[in-house]
Amino acid sequence: MARPETDRIPASDAFFLHVETPEAPQHVGGLIMLDTSRAGALPTHEMARAAIEAANPPEFFKRLAPTTRWRRWRWIEQREIDWDWHVPVFDLSRDGRPGGMSALHRLVADLAGQQLPRDRPLWRFCVVTGVEENVAALVSQVHHSVADGIGTINLMLQIFRSPDMSAAIGEVKQPSRLQRLAGGVAGIAQLATDSRPQARLAVSNSAAREYGTLKLDLEWMRDLARRRGVRVTDLLLSGSAAAFRRLAKGPLPRKLLVSVPLLAAEPRAGMAGNVTAAVMVEVPLGEMAEADRLAAVARASTRLRTGTRAIASRFVQHSVANLMPPWFHSWFARTVYGGRIFNGTVSNMPGASWQTYFSDDYPLSTAYPIIPIAPGTPFVVGVLGWYGSFSMSVATDPAFVDDAEAFLKEFRKVLDELGDV
């Protein structure tokens, strides 16, 4: 019998298979909010399945091939899909009443804390009804080894029969070979001398987490950033630090070391796989005026725009790691990722700037990111700039912050304080 075709998984993708633990599942996704007012019916399992089959994303029809200590991870085709498992339906209503956003957040937190089984294709696409009047939701989950945040957005846009993210991202200007070499050398030196966390933050020995969302006007955020002479990402970092300072349990260091993902390579066809790299930014946590905290963050975040650290990180993660035997790559990945290296993750990604529909009749009101918590860290904050909205989510380990909604309220308070220019 002929052996099935297999595709070797690049080291930058296999990285997330190596670092995943039961307490820190590594899948990314989105909480997609649907307006059901004009459809006259709720979205169904059949609609979702039909949309996926029509889009036919190849990433959804592959599973992991068996591996060994010496054999690298590979994909193997699997066309037979357990559609009931991959496309479940959740009804949040109780006694005929909608469950509300709190119930939806609890569901997302529960799903985010469950590992995707490795004997199936590594994705789920959940249909959620009974949220609020005229509101339903989709919860997409794709393992980080399949796609990063940008890739996951693009997979969803394929399912929605929408243009991909090329327009939102724009042309990715690639450095020349000489620039990559010079930047890589400088970046590796910078990575080697970068700070390490001043202290580990409180984490529980479980996959329990809190999840919450906040939707703000994107132009309002951009205007606030302009008035303050900073970038929107600076507001996100500074506001998050302030909110954590007000609510976090246990002693806190003077500074948080935050991992900020950046686009670091030309997106692949379909934008599957991982084309981002992480750059570390120190964010002050001490007692100070929020305007002073923001100014300090703006100074610290200039490293996000030099490019050298991202080039070096991408070179190590993709080129160097591809030369490592699997057992060594596994050790390397666990050594350079997680709570010993940074305190948490803050991500600001572009999303669709145009109206998008599911199954023609359901406009997407917005989409919130679902980003995995890195092993040994207690938080991840993410934003999608989606069709005029600054769509923000937070996931926290309850040992660190046990109320995601309270965190988002404090974040909004900080923005209001900064708005009093």
# chains A, B, ... in the order shown; residues from 1 in each chain; ligands from 1
$ residues_around --residues "segment 78-83 of chain A" --least-positions-apart "4" --cutoff "9 Å" --atoms "only C-alpha atoms" --output "short mmCIF file (atom, residue, chain, number, x, y, z; two decimals) with N, CA, C and O atoms, in the first residue's frame"
data_model
loop_
_atom_site.label_atom_id
_atom_site.label_comp_id
_atom_site.auth_asym_id
_atom_site.auth_seq_id
_atom_site.Cartn_x
_atom_site.Cartn_y
_atom_site.Cartn_z
N HIS A 45 -25.18 24.56 12.38
CA HIS A 45 -24.08 23.66 12.07
C HIS A 45 -23.97 23.46 10.56
O HIS A 45 -22.87 23.48 10.00
N ARG A 49 -20.70 24.19 8.27
CA ARG A 49 -20.04 23.11 7.52
C ARG A 49 -20.01 23.43 6.03
O ARG A 49 -18.97 23.23 5.36
N PHE A 60 -7.35 22.66 7.01
CA PHE A 60 -8.40 22.02 7.80
C PHE A 60 -8.52 20.52 7.52
O PHE A 60 -9.30 19.83 8.17
N PHE A 61 -7.76 20.05 6.55
CA PHE A 61 -7.85 18.64 6.16
C PHE A 61 -6.49 17.95 6.29
O PHE A 61 -6.13 17.11 5.47
N LYS A 62 -5.76 18.34 7.33
CA LYS A 62 -4.48 17.71 7.64
C LYS A 62 -4.42 17.44 9.13
O LYS A 62 -4.98 18.18 9.93
N ARG A 63 -3.74 16.38 9.49
CA ARG A 63 -3.47 16.10 10.89
C ARG A 63 -2.00 15.77 11.04
O ARG A 63 -1.28 15.60 10.05
N VAL A 87 -17.37 21.10 14.33
CA VAL A 87 -18.31 22.22 14.20
C VAL A 87 -19.46 22.00 15.19
O VAL A 87 -20.59 21.70 14.79
N PRO A 88 -19.20 22.17 16.49
CA PRO A 88 -20.27 22.00 17.47
C PRO A 88 -21.15 23.24 17.54
O PRO A 88 -20.77 24.33 17.08
N ARG A 120 -6.50 14.49 15.45
CA ARG A 120 -7.48 15.08 14.55
C ARG A 120 -6.85 16.30 13.88
O ARG A 120 -5.85 16.83 14.38
N PRO A 121 -7.43 16.80 12.79
CA PRO A 121 -7.02 18.12 12.31
C PRO A 121 -7.17 19.15 13.44
O PRO A 121 -8.15 19.13 14.19
#
$ residues_around --residues "Pro284 of chain A" --least-positions-apart "5" --cutoff "10 Å" --atoms "only C-alpha atoms" --output "list of chain:residue names"
A:Leu237, A:Ser238, A:Ala241, A:Ala242, A:Arg245, A:Pro253, A:Arg254, A:Lys255, A:Leu256, A:Leu257, A:Asp292, A:Arg293, A:Leu294, A:Ala296, A:Val297, A:Ala300
$ closest_residue --among "A:Met156, A:Asn56, A:Ala277, A:Arg72" --to "Leu323 of chain A" --atoms "only C-alpha atoms"
A:Arg72
$ residues_around --residues "Tyr211 of chain A" --least-positions-apart "3" --cutoff "10 Å" --atoms "only C-alpha atoms" --output "list in words"
Ser102, Leu104, His105, Arg106, Leu107, Val108, Ala109, Asp110, Ala112, Ile370, Phe379, Val380, Val381, Ser393, Val394, Ala395, Thr396, Asp397, Pro398, Asp402, Asp403, Ala404 and Glu405 of chain A
$ write_last_selection --atoms "C-alpha atoms" --output "PDB file, in the first residue's frame"
ATOM      1  CA  SER A 102     -20.738  36.866  30.351  1.00  0.00           C
ATOM      2  CA  LEU A 104     -20.171  33.734  26.021  1.00  0.00           C
ATOM      3  CA  HIS A 105     -16.936  34.801  27.714  1.00  0.00           C
ATOM      4  CA  ARG A 106     -17.090  31.771  30.031  1.00  0.00           C
ATOM      5  CA  LEU A 107     -17.534  29.489  27.027  1.00  0.00           C
ATOM      6  CA  VAL A 108     -14.547  31.034  25.236  1.00  0.00           C
ATOM      7  CA  ALA A 109     -12.419  30.697  28.380  1.00  0.00           C
ATOM      8  CA  ASP A 110     -13.398  27.036  28.666  1.00  0.00           C
ATOM      9  CA  ALA A 112      -9.338  28.187  25.159  1.00  0.00           C
ATOM     10  CA  ILE A 370      -8.395  34.642  21.111  1.00  0.00           C
ATOM     11  CA  PHE A 379      -1.948  37.042  30.743  1.00  0.00           C
ATOM     12  CA  VAL A 380      -2.403  37.869  27.090  1.00  0.00           C
ATOM     13  CA  VAL A 381      -3.974  41.059  25.769  1.00  0.00           C
ATOM     14  CA  SER A 393      -9.754  40.898  24.460  1.00  0.00           C
ATOM     15  CA  VAL A 394      -7.904  39.756  27.536  1.00  0.00           C
ATOM     16  CA  ALA A 395      -7.262  36.306  28.949  1.00  0.00           C
ATOM     17  CA  THR A 396      -5.844  36.020  32.456  1.00  0.00           C
ATOM     18  CA  ASP A 397      -4.844  33.307  34.854  1.00  0.00           C
ATOM     19  CA  PRO A 398      -7.197  33.770  37.848  1.00  0.00           C
ATOM     20  CA  ASP A 402      -9.527  36.857  38.547  1.00  0.00           C
ATOM     21  CA  ASP A 403     -11.898  39.277  36.808  1.00  0.00           C
ATOM     22  CA  ALA A 404     -11.285  40.027  33.120  1.00  0.00           C
ATOM     23  CA  GLU A 405     -14.220  42.436  32.977  1.00  0.00           C
TER      24      GLU A 405
END
$ closest_residue --among "A:Ala374, A:Leu138, A:Met392, A:Val401" --to "Val19 of chain A" --atoms "only C-alpha atoms"
A:Ala374
$ select_by_dssp --residues "segment 76-163 of chain A" --states "helix (DSSP H, G or I)" --output "PyMOL selection string"
chain A and resi 83-86+100-112+149-159
$ write_last_selection --atoms "N, CA and C atoms" --output "CSV table (one decimal), in the first residue's frame"
chain,number,residue,atom,x,y,z
A,83,TRP,N,-17.4,16.0,11.6
A,83,TRP,CA,-18.0,17.3,11.6
A,83,TRP,C,-18.7,17.7,12.9
A,84,ASP,N,-19.3,16.8,13.5
A,84,ASP,CA,-20.0,17.1,14.8
A,84,ASP,C,-19.1,17.6,15.8
A,85,TRP,N,-17.9,17.1,15.9
A,85,TRP,CA,-16.9,17.5,16.8
A,85,TRP,C,-16.2,18.8,16.4
A,86,HIS,N,-15.9,18.9,15.1
A,86,HIS,CA,-15.2,20.1,14.7
A,86,HIS,C,-16.1,21.3,14.6
A,100,GLY,N,-26.3,36.0,27.5
A,100,GLY,CA,-25.5,37.2,27.7
A,100,GLY,C,-24.0,37.0,27.4
A,101,MET,N,-23.3,38.2,27.3
A,101,MET,CA,-21.9,38.2,27.0
A,101,MET,C,-21.1,37.5,28.0
A,102,SER,N,-21.5,37.5,29.3
A,102,SER,CA,-20.7,36.9,30.4
A,102,SER,C,-20.7,35.4,30.1
A,103,ALA,N,-21.9,34.8,29.7
A,103,ALA,CA,-21.9,33.4,29.4
A,103,ALA,C,-21.0,33.0,28.2
A,104,LEU,N,-21.0,33.9,27.2
A,104,LEU,CA,-20.2,33.7,26.0
A,104,LEU,C,-18.7,33.8,26.4
A,105,HIS,N,-18.3,34.7,27.3
A,105,HIS,CA,-16.9,34.8,27.7
A,105,HIS,C,-16.5,33.5,28.5
A,106,ARG,N,-17.4,33.0,29.3
A,106,ARG,CA,-17.1,31.8,30.0
A,106,ARG,C,-16.9,30.6,29.1
A,107,LEU,N,-17.7,30.5,28.0
A,107,LEU,CA,-17.5,29.5,27.0
A,107,LEU,C,-16.2,29.6,26.3
A,108,VAL,N,-15.8,30.8,25.9
A,108,VAL,CA,-14.5,31.0,25.2
A,108,VAL,C,-13.4,30.6,26.2
A,109,ALA,N,-13.5,31.0,27.4
A,109,ALA,CA,-12.4,30.7,28.4
A,109,ALA,C,-12.3,29.2,28.5
A,110,ASP,N,-13.4,28.5,28.5
A,110,ASP,CA,-13.4,27.0,28.7
A,110,ASP,C,-12.8,26.4,27.4
A,111,LEU,N,-13.2,26.9,26.3
A,111,LEU,CA,-12.6,26.3,25.0
A,111,LEU,C,-11.2,26.6,24.9
A,112,ALA,N,-10.7,27.8,25.3
A,112,ALA,CA,-9.3,28.2,25.2
A,112,ALA,C,-8.5,27.4,26.1
A,149,GLY,N,-1.8,34.6,14.3
A,149,GLY,CA,-3.0,35.4,14.4
A,149,GLY,C,-3.4,35.9,13.0
A,150,ILE,N,-2.4,36.4,12.2
A,150,ILE,CA,-2.8,36.9,10.9
A,150,ILE,C,-3.3,35.8,10.0
A,151,GLY,N,-2.6,34.6,10.1
A,151,GLY,CA,-3.0,33.5,9.3
A,151,GLY,C,-4.4,33.0,9.6
A,152,THR,N,-4.7,33.0,10.9
A,152,THR,CA,-6.0,32.6,11.4
A,152,THR,C,-7.1,33.5,10.9
A,153,ILE,N,-6.8,34.8,10.9
A,153,ILE,CA,-7.8,35.7,10.4
A,153,ILE,C,-8.1,35.5,8.9
A,154,ASN,N,-7.0,35.2,8.2
A,154,ASN,CA,-7.1,35.0,6.8
A,154,ASN,C,-7.9,33.7,6.5
A,155,LEU,N,-7.7,32.6,7.3
A,155,LEU,CA,-8.4,31.4,7.1
A,155,LEU,C,-9.9,31.7,7.3
A,156,MET,N,-10.2,32.5,8.3
A,156,MET,CA,-11.7,32.8,8.5
A,156,MET,C,-12.2,33.6,7.4
A,157,LEU,N,-11.4,34.5,6.8
A,157,LEU,CA,-11.9,35.3,5.7
A,157,LEU,C,-12.2,34.5,4.5
A,158,GLN,N,-11.4,33.4,4.3
A,158,GLN,CA,-11.7,32.5,3.2
A,158,GLN,C,-13.0,31.8,3.4
A,159,ILE,N,-13.4,31.4,4.6
A,159,ILE,CA,-14.6,30.8,4.9
A,159,ILE,C,-15.8,31.8,4.7
$ select_by_dssp --residues "segment 343-399 of chain A" --states "strand (DSSP E or B)" --output "ChimeraX atom specification"
/A:344-350,357-358,362-370,379-386,389-396
$ residues_around --residues "Ile32 of chain A" --least-positions-apart "2" --cutoff "8 Å" --atoms "only C-alpha atoms" --output "PDB file with all heavy atoms, in the first residue's frame"
ATOM      1  N   GLY A  30     -10.583  33.404  16.990  1.00  0.00           N
ATOM      2  CA  GLY A  30     -11.349  34.638  17.068  1.00  0.00           C
ATOM      3  C   GLY A  30     -12.744  34.393  17.593  1.00  0.00           C
ATOM      4  O   GLY A  30     -13.338  33.337  17.356  1.00  0.00           O
ATOM      5  N   LEU A  34     -21.923  38.041  15.341  1.00  0.00           N
ATOM      6  CA  LEU A  34     -22.813  38.105  14.190  1.00  0.00           C
ATOM      7  C   LEU A  34     -24.094  38.857  14.521  1.00  0.00           C
ATOM      8  O   LEU A  34     -24.678  38.670  15.586  1.00  0.00           O
ATOM      9  CB  LEU A  34     -23.189  36.690  13.726  1.00  0.00           C
ATOM     10  CG  LEU A  34     -22.058  35.735  13.364  1.00  0.00           C
ATOM     11  CD1 LEU A  34     -22.633  34.389  12.952  1.00  0.00           C
ATOM     12  CD2 LEU A  34     -21.186  36.304  12.256  1.00  0.00           C
ATOM     13  N   ALA A 137     -22.746  34.110  17.656  1.00  0.00           N
ATOM     14  CA  ALA A 137     -21.291  34.186  17.594  1.00  0.00           C
ATOM     15  C   ALA A 137     -20.721  32.929  16.956  1.00  0.00           C
ATOM     16  O   ALA A 137     -21.360  31.871  16.914  1.00  0.00           O
ATOM     17  CB  ALA A 137     -20.704  34.382  18.991  1.00  0.00           C
ATOM     18  N   LEU A 138     -19.516  33.079  16.448  1.00  0.00           N
ATOM     19  CA  LEU A 138     -18.695  31.959  16.006  1.00  0.00           C
ATOM     20  C   LEU A 138     -17.399  32.005  16.800  1.00  0.00           C
ATOM     21  O   LEU A 138     -16.846  33.091  17.023  1.00  0.00           O
ATOM     22  CB  LEU A 138     -18.387  32.059  14.511  1.00  0.00           C
ATOM     23  CG  LEU A 138     -19.582  32.138  13.552  1.00  0.00           C
ATOM     24  CD1 LEU A 138     -19.106  32.490  12.147  1.00  0.00           C
ATOM     25  CD2 LEU A 138     -20.345  30.825  13.542  1.00  0.00           C
ATOM     26  N   VAL A 139     -16.922  30.850  17.234  1.00  0.00           N
ATOM     27  CA  VAL A 139     -15.641  30.768  17.926  1.00  0.00           C
ATOM     28  C   VAL A 139     -14.723  29.896  17.073  1.00  0.00           C
ATOM     29  O   VAL A 139     -14.945  28.694  16.949  1.00  0.00           O
ATOM     30  CB  VAL A 139     -15.782  30.175  19.336  1.00  0.00           C
ATOM     31  CG1 VAL A 139     -14.414  30.099  20.016  1.00  0.00           C
ATOM     32  CG2 VAL A 139     -16.745  31.004  20.178  1.00  0.00           C
ATOM     33  N   SER A 140     -13.735  30.527  16.464  1.00  0.00           N
ATOM     34  CA  SER A 140     -12.779  29.778  15.649  1.00  0.00           C
ATOM     35  C   SER A 140     -11.550  29.450  16.488  1.00  0.00           C
ATOM     36  O   SER A 140     -11.091  30.268  17.284  1.00  0.00           O
ATOM     37  CB  SER A 140     -12.369  30.580  14.414  1.00  0.00           C
ATOM     38  OG  SER A 140     -11.568  31.694  14.782  1.00  0.00           O
ATOM     39  N   LEU A 364     -20.867  40.549  10.136  1.00  0.00           N
ATOM     40  CA  LEU A 364     -19.991  40.483  11.305  1.00  0.00           C
ATOM     41  C   LEU A 364     -19.953  41.867  11.944  1.00  0.00           C
ATOM     42  O   LEU A 364     -19.530  42.844  11.309  1.00  0.00           O
ATOM     43  CB  LEU A 364     -18.577  40.058  10.911  1.00  0.00           C
ATOM     44  CG  LEU A 364     -18.302  38.552  10.816  1.00  0.00           C
ATOM     45  CD1 LEU A 364     -19.115  37.909   9.704  1.00  0.00           C
ATOM     46  CD2 LEU A 364     -16.817  38.296  10.621  1.00  0.00           C
ATOM     47  N   SER A 365     -20.392  41.963  13.181  1.00  0.00           N
ATOM     48  CA  SER A 365     -20.343  43.258  13.860  1.00  0.00           C
ATOM     49  C   SER A 365     -18.929  43.563  14.339  1.00  0.00           C
ATOM     50  O   SER A 365     -18.520  44.722  14.353  1.00  0.00           O
ATOM     51  CB  SER A 365     -21.327  43.297  15.029  1.00  0.00           C
ATOM     52  OG  SER A 365     -21.095  42.238  15.923  1.00  0.00           O
ATOM     53  N   THR A 366     -18.196  42.542  14.731  1.00  0.00           N
ATOM     54  CA  THR A 366     -16.767  42.684  15.023  1.00  0.00           C
ATOM     55  C   THR A 366     -16.199  41.300  15.278  1.00  0.00           C
ATOM     56  O   THR A 366     -16.918  40.296  15.301  1.00  0.00           O
ATOM     57  CB  THR A 366     -16.507  43.610  16.225  1.00  0.00           C
ATOM     58  OG1 THR A 366     -15.117  43.974  16.232  1.00  0.00           O
ATOM     59  CG2 THR A 366     -16.849  42.923  17.536  1.00  0.00           C
ATOM     60  N   ALA A 367     -14.880  41.259  15.470  1.00  0.00           N
ATOM     61  CA  ALA A 367     -14.196  40.007  15.815  1.00  0.00           C
ATOM     62  C   ALA A 367     -13.138  40.318  16.856  1.00  0.00           C
ATOM     63  O   ALA A 367     -12.360  41.271  16.703  1.00  0.00           O
ATOM     64  CB  ALA A 367     -13.562  39.376  14.575  1.00  0.00           C
ATOM     65  N   TYR A 368     -13.120  39.547  17.934  1.00  0.00           N
ATOM     66  CA  TYR A 368     -12.141  39.708  19.015  1.00  0.00           C
ATOM     67  C   TYR A 368     -11.101  38.590  18.930  1.00  0.00           C
ATOM     68  O   TYR A 368     -11.451  37.432  18.654  1.00  0.00           O
ATOM     69  CB  TYR A 368     -12.834  39.624  20.374  1.00  0.00           C
ATOM     70  CG  TYR A 368     -13.889  40.679  20.612  1.00  0.00           C
ATOM     71  CD1 TYR A 368     -15.247  40.371  20.487  1.00  0.00           C
ATOM     72  CD2 TYR A 368     -13.541  41.973  20.966  1.00  0.00           C
ATOM     73  CE1 TYR A 368     -16.222  41.328  20.708  1.00  0.00           C
ATOM     74  CE2 TYR A 368     -14.513  42.944  21.195  1.00  0.00           C
ATOM     75  CZ  TYR A 368     -15.852  42.613  21.061  1.00  0.00           C
ATOM     76  OH  TYR A 368     -16.810  43.570  21.277  1.00  0.00           O
TER      77      TYR A 368
END
$ closest_residue --among "A:Arg97, A:Arg161, A:His144, A:Arg118" --to "Ala54 of chain A" --atoms "only C-alpha atoms"
A:Arg161
$ atom_distance --atom1 "atom CA of Ile373 of chain A" --atom2 "atom CA of Ser206 of chain A"
11.8 Å
$ atom_distance --atom1 "atom CA of Pro363 of chain A" --atom2 "atom CA of Ser391 of chain A"
15.9 Å
$ closest_residue --among "A:Thr345, A:Gly338, A:Ala399, A:Val230" --to "Ala248 of chain A" --atoms "only C-alpha atoms"
A:Ala399
$ residues_around --residues "Leu384 of chain A" --least-positions-apart "3" --cutoff "6 Å" --atoms "only C-alpha atoms" --output "number ranges by chain"
A: 349-351, 391
$ residues_around --residues "Pro325 of chain A" --least-positions-apart "5" --cutoff "9 Å" --atoms "only C-alpha atoms" --output "PyMOL selection string"
chain A and resi 69-72+330
$ write_last_selection --atoms "N, CA, C and O atoms" --output "mmCIF file, in the first residue's frame"
data_model
loop_
_atom_site.group_PDB
_atom_site.id
_atom_site.type_symbol
_atom_site.label_atom_id
_atom_site.label_comp_id
_atom_site.auth_asym_id
_atom_site.auth_seq_id
_atom_site.Cartn_x
_atom_site.Cartn_y
_atom_site.Cartn_z
ATOM 1 N N ARG A 69 11.590 10.820 18.467
ATOM 2 C CA ARG A 69 12.596 11.732 19.010
ATOM 3 C C ARG A 69 13.441 12.333 17.891
ATOM 4 O O ARG A 69 13.926 13.452 18.003
ATOM 5 N N TRP A 70 13.598 11.594 16.788
ATOM 6 C CA TRP A 70 14.461 12.055 15.713
ATOM 7 C C TRP A 70 13.692 12.484 14.467
ATOM 8 O O TRP A 70 14.239 13.151 13.603
ATOM 9 N N ARG A 71 12.439 12.099 14.353
ATOM 10 C CA ARG A 71 11.675 12.442 13.163
ATOM 11 C C ARG A 71 10.899 13.735 13.386
ATOM 12 O O ARG A 71 10.205 13.893 14.374
ATOM 13 N N ARG A 72 10.994 14.626 12.432
ATOM 14 C CA ARG A 72 10.357 15.935 12.572
ATOM 15 C C ARG A 72 8.846 15.828 12.407
ATOM 16 O O ARG A 72 8.331 14.903 11.791
ATOM 17 N N SER A 330 12.931 20.824 20.566
ATOM 18 C CA SER A 330 11.941 20.795 21.640
ATOM 19 C C SER A 330 12.507 21.433 22.899
ATOM 20 O O SER A 330 11.857 22.278 23.537
#
